[in-house]
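**Q** As input, take work00.txt (compact mmCIF, C-alpha atoms):
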# COMPACT_ATOMS: atom_id res chain seq x y z
CA MET L 1 -12.02 -3.64 6.33
CA SER L 2 -10.14 -2.17 3.35
CA TYR L 3 -8.26 -5.03 1.78
CA SER L 4 -7.30 -5.20 -1.89
CA SER L 5 -9.79 -6.76 -4.27
CA PHE L 6 -7.17 -9.41 -5.10
CA SER L 7 -6.96 -10.41 -1.41
CA LYS L 8 -10.75 -10.41 -1.05
CA ASN L 9 -11.15 -12.56 -4.20
CA CYS L 10 -8.50 -15.05 -3.00
CA ALA L 11 -10.15 -15.25 0.42
CA SER L 12 -13.64 -15.74 -0.96
CA TYR L 13 -12.38 -18.44 -3.38
CA LEU L 14 -10.67 -20.33 -0.54
CA ALA L 15 -13.70 -19.81 1.69
CA LYS L 16 -15.97 -21.28 -0.97
CA LYS L 17 -13.67 -24.29 -1.47
CA LYS L 18 -13.17 -25.01 2.24
CA GLY L 19 -16.42 -23.65 3.69
CA VAL L 20 -14.92 -21.34 6.35
CA THR L 21 -16.84 -18.79 8.47
CA ALA L 22 -17.21 -15.08 7.54
CA ASP L 23 -14.70 -14.15 10.27
CA GLN L 24 -12.16 -16.62 8.94
CA GLU L 25 -12.69 -15.31 5.40
CA MET L 26 -11.84 -11.80 6.64
CA ILE L 27 -8.71 -13.18 8.35
CA LEU L 28 -7.72 -14.92 5.10
CA ALA L 29 -8.08 -11.61 3.18
CA TYR L 30 -5.87 -9.92 5.81
CA ALA L 31 -3.23 -12.68 5.52
CA VAL L 32 -3.17 -12.47 1.70
CA ASP L 33 -2.85 -8.65 1.95
CA VAL L 34 0.09 -8.92 4.39
CA LEU L 35 1.76 -11.64 2.33
CA VAL L 36 1.37 -10.00 -1.10
CA ILE L 37 2.28 -6.43 -0.07
CA ASN L 38 5.32 -7.48 1.96
CA THR L 39 6.61 -10.00 -0.58
CA ALA L 40 6.26 -7.53 -3.47
CA ASN L 41 7.94 -4.74 -1.45
CA LEU L 42 10.75 -7.05 -0.33
CA LEU L 43 11.50 -8.31 -3.85
CA ALA L 44 11.46 -4.80 -5.36
CA THR L 45 13.67 -3.48 -2.52
CA LEU L 46 16.24 -6.27 -2.95
CA LEU L 47 16.19 -5.81 -6.73
CA LEU L 48 16.90 -2.06 -6.42
CA GLY L 49 19.63 -2.78 -3.86
CA TRP L 50 21.20 -5.26 -6.27
CA ILE L 51 20.98 -2.78 -9.20
CA LEU L 52 22.66 -0.08 -7.06
CA GLY L 53 25.42 -2.54 -6.04
CA VAL L 54 24.50 -2.56 -2.35
CA PHE L 55 22.64 -5.87 -2.11
CA TYR L 56 24.16 -7.08 1.18
CA GLY L 57 23.80 -3.66 2.81
CA THR L 58 20.14 -3.62 1.75
CA VAL L 59 19.60 -7.11 3.19
CA ALA L 60 21.22 -6.05 6.50
CA SER L 61 19.01 -2.94 6.70
CA VAL L 62 15.84 -4.88 5.84
CA ILE L 63 16.54 -7.54 8.49
CA THR L 64 17.32 -4.93 11.16
CA VAL L 65 14.29 -2.74 10.49
CA ALA L 66 12.00 -5.81 10.16
CA ALA L 67 13.17 -7.13 13.55
CA PHE L 68 12.35 -3.78 15.16
CA ARG L 69 9.08 -3.23 13.30
CA HIS L 70 7.76 -6.54 14.65
CA THR L 71 8.41 -5.57 18.25
CA SER L 72 8.39 -1.78 18.41
CA GLY L 73 6.08 -0.76 15.51
CA GLY L 74 6.25 2.91 14.51
CA ALA L 75 4.73 5.33 12.01
CA HIS L 76 2.83 3.93 9.02
CA SER L 77 1.51 5.22 5.75
CA LYS L 78 -2.22 4.79 5.18
CA SER L 79 -1.70 3.72 1.60
CA PRO L 80 0.02 0.50 0.41
CA TRP L 81 1.33 2.29 -2.70
CA ARG L 82 2.97 5.12 -0.79
CA CYS L 83 4.35 2.54 1.63
CA ALA L 84 5.79 0.61 -1.31
CA VAL L 85 7.54 3.72 -2.68
CA VAL L 86 8.98 4.62 0.76
CA THR L 87 10.10 1.03 1.45
CA ILE L 88 11.60 0.33 -1.98
CA LEU L 89 13.58 3.60 -2.01
CA LEU L 90 14.52 3.74 1.67
CA PHE L 91 16.51 0.53 2.17
CA PRO L 92 18.83 0.72 -0.89
CA LEU L 93 19.42 4.44 -0.17
CA MET L 94 20.23 3.59 3.44
CA ALA L 95 22.68 0.95 2.17
CA LYS L 96 24.25 3.50 -0.21
CA LEU L 97 24.65 5.97 2.66
CA GLY L 98 26.08 3.14 4.82
CA GLN L 99 28.63 2.53 2.06
CA TYR L 100 29.60 6.22 2.14
CA ILE L 101 29.89 6.29 5.95
CA ALA L 102 32.08 3.16 5.79
CA SER L 103 34.47 5.02 3.50
CA LEU L 104 35.02 7.76 6.11
CA ASP L 105 37.69 7.71 8.78
CA HIS L 106 37.35 4.98 11.45
CA ILE L 107 36.74 7.50 14.25
CA TYR L 108 33.70 9.00 12.47
CA MET L 109 32.20 5.54 12.04
CA THR L 110 32.73 4.73 15.72
CA VAL L 111 31.19 8.01 16.91
CA PHE L 112 28.26 7.62 14.50
CA SER L 113 27.62 4.01 15.62
CA LEU L 114 27.67 4.91 19.31
CA PHE L 115 25.39 7.90 18.67
CA SER L 116 22.91 5.65 16.78
CA ILE L 117 22.88 3.09 19.58
CA LEU L 118 22.29 5.78 22.22
CA VAL L 119 19.44 7.41 20.25
CA CYS L 120 17.84 4.00 19.62
CA VAL L 121 17.98 2.98 23.29
CA ILE L 122 16.34 6.28 24.35
CA CYS L 123 13.60 6.07 21.68
CA ILE L 124 12.80 2.42 22.48
CA ILE L 125 12.57 3.17 26.21
CA LEU L 126 10.34 6.20 25.58
CA TRP L 127 8.02 5.10 22.79
CA ALA L 128 8.13 1.35 22.00
CA PRO L 129 5.83 -0.37 21.23
CA ASP L 130 4.10 2.24 19.10
CA ASP L 131 0.83 0.85 17.68
CA THR L 132 -1.53 2.17 15.00
CA PRO L 133 -5.35 2.44 14.92
CA SER L 134 -5.44 -0.33 12.30
CA ALA L 135 -3.43 -2.70 14.54
CA PRO L 136 -3.97 -1.67 18.14
CA ILE L 137 -2.15 -3.34 21.04
CA ILE L 138 -4.98 -3.92 23.51
CA SER L 139 -3.40 -6.18 26.13
CA SER L 140 -0.98 -4.51 28.57
CA ARG L 141 0.83 -7.85 28.93
CA ARG L 142 1.44 -7.95 25.18
CA ARG L 143 2.65 -4.34 25.29
CA LYS L 144 5.14 -5.25 28.04
CA ILE L 145 6.40 -8.31 26.12
CA LEU L 146 6.91 -6.24 22.95
CA LYS L 147 8.83 -3.63 24.98
CA TYR L 148 11.17 -6.30 26.38
CA LEU L 149 11.63 -7.82 22.92
CA SER L 150 12.46 -4.36 21.51
CA LEU L 151 15.12 -3.89 24.19
CA LEU L 152 16.47 -7.37 23.40
CA ASN L 153 16.66 -6.32 19.73
CA VAL L 154 18.64 -3.21 20.68
CA ALA L 155 21.03 -5.35 22.73
CA ILE L 156 21.58 -7.82 19.88
CA ILE L 157 22.01 -5.21 17.12
CA SER L 158 24.26 -3.04 19.33
CA THR L 159 26.48 -6.04 20.08
CA ILE L 160 26.78 -6.78 16.36
CA ILE L 161 27.58 -3.11 15.58
CA ILE L 162 30.24 -2.91 18.30
CA PHE L 163 31.94 -6.25 17.64
CA ILE L 164 31.59 -6.64 13.86
CA ASP L 165 34.90 -7.01 12.04
CA SER L 166 36.24 -3.84 10.35
CA ASN L 167 36.12 -5.69 7.00
CA TYR L 168 32.34 -5.38 7.24
CA ALA L 169 32.30 -1.61 7.75
CA ILE L 170 29.47 -1.21 5.18
CA ILE L 171 27.25 -3.58 7.17
CA LYS L 172 28.15 -1.70 10.35
CA GLY L 173 27.16 1.60 8.68
CA CYS L 174 23.89 0.07 7.39
CA LEU L 175 22.98 -1.32 10.83
CA SER L 176 23.68 2.05 12.49
CA LEU L 177 21.54 3.88 9.92
CA SER L 178 18.77 1.27 10.29
CA ILE L 179 18.48 1.74 14.06
CA LEU L 180 18.49 5.52 13.52
CA TRP L 181 15.57 5.10 11.09
CA VAL L 182 13.76 2.87 13.62
CA SER L 183 14.23 5.61 16.24
CA PHE L 184 12.99 8.26 13.81
CA ILE L 185 9.75 6.46 12.92
CA LEU L 186 9.00 5.98 16.61
CA SER L 187 9.29 9.72 17.21
CA LYS L 188 6.85 12.58 16.51
CA PRO L 189 8.83 13.86 13.48
CA GLY L 190 8.64 10.33 11.99
CA HIS L 191 4.85 10.32 12.38
CA ASN L 192 4.72 13.81 10.89
CA LEU L 193 6.75 12.67 7.87
CA MET L 194 4.36 9.76 7.25
CA SER L 195 1.32 12.03 7.50
CA ILE L 196 2.97 14.47 5.05
CA ILE L 197 3.54 11.53 2.66
CA ASP L 198 -0.13 10.56 3.14
CA LYS L 199 -1.28 14.10 2.36
CA ILE L 200 0.40 14.20 -1.06
CA ASN L 201 -2.63 14.33 -3.32
CA LEU L 202 -2.94 11.30 -5.60
CA SER L 203 -6.39 10.24 -6.78
CA GLY L 204 -7.99 6.81 -7.00
CA GLU L 205 -6.02 4.83 -4.43
CA ARG L 206 -6.98 2.56 -1.56
CA ARG L 207 -6.31 3.76 1.99
CA CYS L 208 -6.52 2.27 5.43
CA LYS L 209 -9.21 3.88 7.64
CA ASP L 210 -8.17 5.41 10.98
CA MET N 211 -6.99 -35.63 -8.02
CA LYS N 212 -10.01 -33.81 -6.60
CA LYS N 213 -9.09 -35.11 -3.14
CA ILE N 214 -5.49 -33.80 -3.44
CA GLY N 215 -6.84 -30.39 -4.54
CA TYR N 216 -9.19 -30.32 -1.54
CA HIS N 217 -6.28 -31.08 0.82
CA LEU N 218 -4.12 -28.41 -0.84
CA PHE N 219 -6.83 -25.80 -0.24
CA GLY N 220 -6.89 -26.94 3.38
CA VAL N 221 -3.12 -26.48 3.65
CA ALA N 222 -3.38 -23.01 2.05
CA VAL N 223 -6.14 -21.95 4.47
CA GLY N 224 -4.15 -23.30 7.46
CA LEU N 225 -0.98 -21.54 6.31
CA LEU N 226 -2.77 -18.21 5.76
CA LEU N 227 -4.48 -18.39 9.17
CA PHE N 228 -1.05 -19.08 10.71
CA ILE N 229 0.48 -16.07 8.89
CA ALA N 230 -2.44 -13.87 10.01
CA ASN N 231 -1.87 -14.92 13.63
CA ILE N 232 1.89 -14.25 13.44
CA ALA N 233 1.34 -10.87 11.73
CA SER N 234 -1.30 -9.77 14.24
CA ALA N 235 0.90 -10.82 17.21
CA SER N 236 3.65 -8.39 16.20
CA ALA N 237 3.46 -4.60 16.44
CA CYS N 238 3.48 -4.44 12.62
CA ALA N 239 4.77 -6.21 9.55
CA TRP N 240 8.17 -4.99 8.30
CA GLY N 241 6.93 -2.45 5.74
CA HIS N 242 5.51 1.02 6.19
CA TYR N 243 1.88 0.02 5.59
CA GLN N 244 -0.28 -1.87 8.07
CA PRO N 245 -3.50 -3.49 6.79
CA GLU N 246 -6.34 -3.36 9.33
CA VAL N 247 -6.10 -6.31 11.71
CA PRO N 248 -9.47 -8.17 11.72
CA GLU N 249 -11.48 -7.83 14.94
CA PRO N 250 -11.09 -11.52 16.02
CA LEU N 251 -7.28 -11.23 15.91
CA ARG N 252 -6.99 -8.02 17.97
CA LYS N 253 -5.41 -8.61 21.38
Taking this structure as input, can you express it in the form of structure tokens?

**A**
Amino acid sequence: MSYSSFSKNCASYLAKKKGVTADQEMILAYAVDVLVINTANLLATLLLGWILGVFYGTVASVITVAAFRHTSGGAHSKSPWRCAVVTILLFPLMAKLGQYIASLDHIYMTVFSLFSILVCVICIILWAPDDTPSAPIISSRRRKILKYLSLLNVAIISTIIIFIDSNYAIIKGCLSLSILWVSFILSKPGHNLMSIIDKINLSGERRCKD
Amino acid sequence: MKKIGYHLFGVAVGLLLFIANIASASACAWGHYQPEVPEPLRK
């Protein structure tokens, strides 16, 4: 298992103090990895969103994509550092673009929102849940539950997009862009983009094995 | 003091095991990197 040395050190310290099994120590290292990477990414993303003046749009995008990632999965980078760069840049940029779309005529926003919802529904039906070799979905029952939860997510987000007040046009734009991104990372081009990002040659970094 | 510290480590271990279970139950965490799920948590 390729966890960071920080996570491994934390896990072995806790294991020594509490006398847990080797399996539990590995689970602790995994938990610290998940916690540290996601917290650091989230804080940096929100900070950049705040600096760019699109804090609330960034929060809306993060919540939407997080809800879908939990249930439908999608393409991943093999490196935590590349993931951090993609995550930290993506959400504030999506919020900026949402701000721009909100400034366009009402009809464009409506057409764009409906198009996003339609694309998302099709992609979820076709490809969700999309697992990775590092986190495989083995049980068919679990796969079915995640599919239903993904469809529930689409229903909830679509309802918000359709019925949100026009004063929150930026949020509406951000939510539409977020579900388009979710659809993209479920698709083949999304996987191709992540593998291109993984192929950019940088030396001396930790990667997740396939 | 030593007893409180021992209990705190217990709470930390419990919390981390809970987080690991939640994270492994979902298709992925919210970011674009997925650490390898340990064998005992794969389902």

**Q** Could you give me, as a ChimeraX atom specification, the residues within 12 Å of Phe219 of chain N, counting only C-alpha atoms and dropping anything in the same chain fewer than 2 positions from it?

**A** /L:10-11,13-20 /N:212-217,221-226

**Q** At a cut-off of 6 Å from (2.9, -8.3, 20.9) in the coordinates of the file, what residues are picked up using all atoms listed in the file, written as a list in words?

**A**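 Result, sorted by chain then residue number: Arg142, Arg143 and Leu146 of chain L; Ala235, Ser236 and Ala237 of chain N.
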
**Q** Using all atoms listed in the file, find which residues of chain L lie within 7 Å of chain N and jot them down as a PyMOL selection string.

**A** chain L and resi 1+14+18+26-28+30-31+34+38+65-66+69-73+76-80+83+87+129+131+134-135+137-139+208

**Q** So that I can check the surroundings of segment 190-193 of chain L, please list as a list in words every protein, DNA and RNA residue that reaches within 6 Å of it, counting all atoms listed in the file and ignoring chain neighbours fewer than 5 positions away.

**A**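 Here the answer would be Ala75, Phe184 and Ile185 of chain L.
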
**Q** So which one's closest to Tyr168 of chain L, L:Ser113, L:Asn201, L:Ser150, L:Gln99? Using all atoms listed in the file, please.

**A**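 Of the candidates, the smallest distance to Tyr168 of chain L is held by L:Gln99.
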
**Q** Using only C-alpha atoms, which protein or nucleic acid residues come within 8 Å of Asp33 of chain L? Drop anything in the same chain fewer than 3 positions from it, and give the result as a list in words.

**A** Tyr3, Ser4, Ser7, Ala29, Tyr30, Val36 and Ile37 of chain L; Pro245 of chain N

**Q** Just give me the residues with any atom within 12 Å of (23.3, 7.0, 22.1), file coordinates, counting all atoms listed in the file, written as a CSV table (one decimal) with C-alpha atoms, in the frame of the given file.

**A**
chain,number,residue,atom,x,y,z
L,110,THR,CA,32.7,4.7,15.7
L,111,VAL,CA,31.2,8.0,16.9
L,112,PHE,CA,28.3,7.6,14.5
L,113,SER,CA,27.6,4.0,15.6
L,114,LEU,CA,27.7,4.9,19.3
L,115,PHE,CA,25.4,7.9,18.7
L,116,SER,CA,22.9,5.6,16.8
L,117,ILE,CA,22.9,3.1,19.6
L,118,LEU,CA,22.3,5.8,22.2
L,119,VAL,CA,19.4,7.4,20.2
L,120,CYS,CA,17.8,4.0,19.6
L,121,VAL,CA,18.0,3.0,23.3
L,122,ILE,CA,16.3,6.3,24.4
L,123,CYS,CA,13.6,6.1,21.7
L,124,ILE,CA,12.8,2.4,22.5
L,154,VAL,CA,18.6,-3.2,20.7
L,158,SER,CA,24.3,-3.0,19.3
L,176,SER,CA,23.7,2.0,12.5
L,179,ILE,CA,18.5,1.7,14.1
L,180,LEU,CA,18.5,5.5,13.5
L,183,SER,CA,14.2,5.6,16.2

**Q** Enter the distance from atom CA of Leu47 of chain L to atom CA of Cys174 of chain L, in Å, rounded to one decimal.

**A**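 It comes out at 17.1 Å.
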
**Q** Please, what distance in Å, to one decimal, runs between atom CA of Gly173 of chain L and atom CA of Ser195 of chain L?

**A**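 So the answer is 27.9 Å.
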
**Q** With 5 Å of padding per side, what axis-aligned box (centre and edge lengths, Å, one decimal) covers all the listed atoms of segment 212-218 of chain N? Give it as lines of an AutoDock Vina configuration file.

**A**
center_x = -7.1
center_y = -31.8
center_z = -2.9
size_x = 15.9
size_y = 16.7
size_z = 17.4

**Q** Calculate how many Å separate atom CA of Ala67 of chain L from atom CA of Ser178 of chain L, rounding to one decimal.

**A** 10.6 Å

**Q** What would segment 67-102 of chain L look like with N, CA and C atoms in place, written as an mmCIF file, in the coordinates of the input?

**A**
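Now in rebuild14.cif:
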data_model
loop_
_atom_site.group_PDB
_atom_site.id
_atom_site.type_symbol
_atom_site.label_atom_id
_atom_site.label_comp_id
_atom_site.auth_asym_id
_atom_site.auth_seq_id
_atom_site.Cartn_x
_atom_site.Cartn_y
_atom_site.Cartn_z
ATOM 1 N N ALA L 67 13.119 -6.624 12.166
ATOM 2 C CA ALA L 67 13.170 -7.130 13.550
ATOM 3 C C ALA L 67 12.560 -6.097 14.502
ATOM 4 N N PHE L 68 12.890 -4.829 14.292
ATOM 5 C CA PHE L 68 12.350 -3.780 15.160
ATOM 6 C C PHE L 68 10.884 -3.495 14.898
ATOM 7 N N ARG L 69 10.481 -3.523 13.630
ATOM 8 C CA ARG L 69 9.080 -3.230 13.300
ATOM 9 C C ARG L 69 8.156 -4.248 13.972
ATOM 10 N N HIS L 70 8.595 -5.508 14.032
ATOM 11 C CA HIS L 70 7.760 -6.540 14.650
ATOM 12 C C HIS L 70 7.519 -6.262 16.123
ATOM 13 N N THR L 71 8.545 -5.741 16.807
ATOM 14 C CA THR L 71 8.410 -5.570 18.250
ATOM 15 C C THR L 71 8.081 -4.146 18.675
ATOM 16 N N SER L 72 8.598 -3.155 17.943
ATOM 17 C CA SER L 72 8.390 -1.780 18.410
ATOM 18 C C SER L 72 7.422 -0.972 17.538
ATOM 19 N N GLY L 73 7.054 -1.461 16.365
ATOM 20 C CA GLY L 73 6.080 -0.760 15.510
ATOM 21 C C GLY L 73 6.642 0.550 14.983
ATOM 22 N N GLY L 74 5.815 1.607 15.021
ATOM 23 C CA GLY L 74 6.250 2.910 14.510
ATOM 24 C C GLY L 74 5.259 3.496 13.530
ATOM 25 N N ALA L 75 5.639 4.621 12.925
ATOM 26 C CA ALA L 75 4.730 5.330 12.010
ATOM 27 C C ALA L 75 4.456 4.502 10.755
ATOM 28 N N HIS L 76 3.231 4.647 10.239
ATOM 29 C CA HIS L 76 2.830 3.930 9.020
ATOM 30 C C HIS L 76 2.190 4.883 8.031
ATOM 31 N N SER L 77 2.268 4.507 6.776
ATOM 32 C CA SER L 77 1.510 5.220 5.750
ATOM 33 C C SER L 77 0.136 4.564 5.670
ATOM 34 N N LYS L 78 -0.873 5.362 5.273
ATOM 35 C CA LYS L 78 -2.220 4.790 5.180
ATOM 36 C C LYS L 78 -2.466 4.113 3.838
ATOM 37 N N SER L 79 -1.502 4.278 2.926
ATOM 38 C CA SER L 79 -1.700 3.720 1.600
ATOM 39 C C SER L 79 -0.618 2.682 1.281
ATOM 40 N N PRO L 80 -0.993 1.515 0.743
ATOM 41 C CA PRO L 80 0.020 0.500 0.410
ATOM 42 C C PRO L 80 0.977 0.965 -0.681
ATOM 43 N N TRP L 81 0.479 1.830 -1.589
ATOM 44 C CA TRP L 81 1.330 2.290 -2.700
ATOM 45 C C TRP L 81 2.397 3.252 -2.217
ATOM 46 N N ARG L 82 1.985 4.173 -1.349
ATOM 47 C CA ARG L 82 2.970 5.120 -0.790
ATOM 48 C C ARG L 82 3.984 4.355 0.061
ATOM 49 N N CYS L 83 3.472 3.382 0.804
ATOM 50 C CA CYS L 83 4.350 2.540 1.630
ATOM 51 C C CYS L 83 5.380 1.844 0.745
ATOM 52 N N ALA L 84 4.893 1.336 -0.404
ATOM 53 C CA ALA L 84 5.790 0.610 -1.310
ATOM 54 C C ALA L 84 6.903 1.536 -1.803
ATOM 55 N N VAL L 85 6.534 2.762 -2.169
ATOM 56 C CA VAL L 85 7.540 3.720 -2.680
ATOM 57 C C VAL L 85 8.573 4.015 -1.578
ATOM 58 N N VAL L 86 8.077 4.302 -0.366
ATOM 59 C CA VAL L 86 8.980 4.620 0.760
ATOM 60 C C VAL L 86 9.903 3.430 1.019
ATOM 61 N N THR L 87 9.323 2.227 1.124
ATOM 62 C CA THR L 87 10.100 1.030 1.450
ATOM 63 C C THR L 87 11.139 0.712 0.385
ATOM 64 N N ILE L 88 10.693 0.733 -0.881
ATOM 65 C CA ILE L 88 11.600 0.330 -1.980
ATOM 66 C C ILE L 88 12.764 1.313 -2.113
ATOM 67 N N LEU L 89 12.508 2.613 -1.882
ATOM 68 C CA LEU L 89 13.580 3.600 -2.010
ATOM 69 C C LEU L 89 14.463 3.650 -0.755
ATOM 70 N N LEU L 90 13.823 3.516 0.404
ATOM 71 C CA LEU L 90 14.520 3.740 1.670
ATOM 72 C C LEU L 90 15.714 2.798 1.897
ATOM 73 N N PHE L 91 15.475 1.483 1.767
ATOM 74 C CA PHE L 91 16.510 0.530 2.170
ATOM 75 C C PHE L 91 17.764 0.581 1.273
ATOM 76 N N PRO L 92 17.616 0.594 -0.067
ATOM 77 C CA PRO L 92 18.830 0.720 -0.890
ATOM 78 C C PRO L 92 19.550 2.054 -0.658
ATOM 79 N N LEU L 93 18.778 3.153 -0.429
ATOM 80 C CA LEU L 93 19.420 4.440 -0.170
ATOM 81 C C LEU L 93 20.179 4.403 1.166
ATOM 82 N N MET L 94 19.579 3.733 2.142
ATOM 83 C CA MET L 94 20.230 3.590 3.440
ATOM 84 C C MET L 94 21.538 2.789 3.263
ATOM 85 N N ALA L 95 21.485 1.764 2.419
ATOM 86 C CA ALA L 95 22.680 0.950 2.170
ATOM 87 C C ALA L 95 23.753 1.774 1.448
ATOM 88 N N LYS L 96 23.309 2.625 0.510
ATOM 89 C CA LYS L 96 24.250 3.500 -0.210
ATOM 90 C C LYS L 96 24.932 4.462 0.772
ATOM 91 N N LEU L 97 24.128 5.028 1.656
ATOM 92 C CA LEU L 97 24.650 5.970 2.660
ATOM 93 C C LEU L 97 25.591 5.226 3.626
ATOM 94 N N GLY L 98 25.234 3.983 3.963
ATOM 95 C CA GLY L 98 26.080 3.140 4.820
ATOM 96 C C GLY L 98 27.438 2.915 4.159
ATOM 97 N N GLN L 99 27.403 2.733 2.846
ATOM 98 C CA GLN L 99 28.630 2.530 2.060
ATOM 99 C C GLN L 99 29.516 3.791 2.145
ATOM 100 N N TYR L 100 28.860 4.948 2.070
ATOM 101 C CA TYR L 100 29.600 6.220 2.140
ATOM 102 C C TYR L 100 30.205 6.398 3.540
ATOM 103 N N ILE L 101 29.395 6.133 4.568
ATOM 104 C CA ILE L 101 29.890 6.290 5.950
ATOM 105 C C ILE L 101 31.070 5.348 6.205
ATOM 106 N N ALA L 102 30.996 4.144 5.609
ATOM 107 C CA ALA L 102 32.080 3.160 5.790
ATOM 108 C C ALA L 102 33.384 3.647 5.162
#
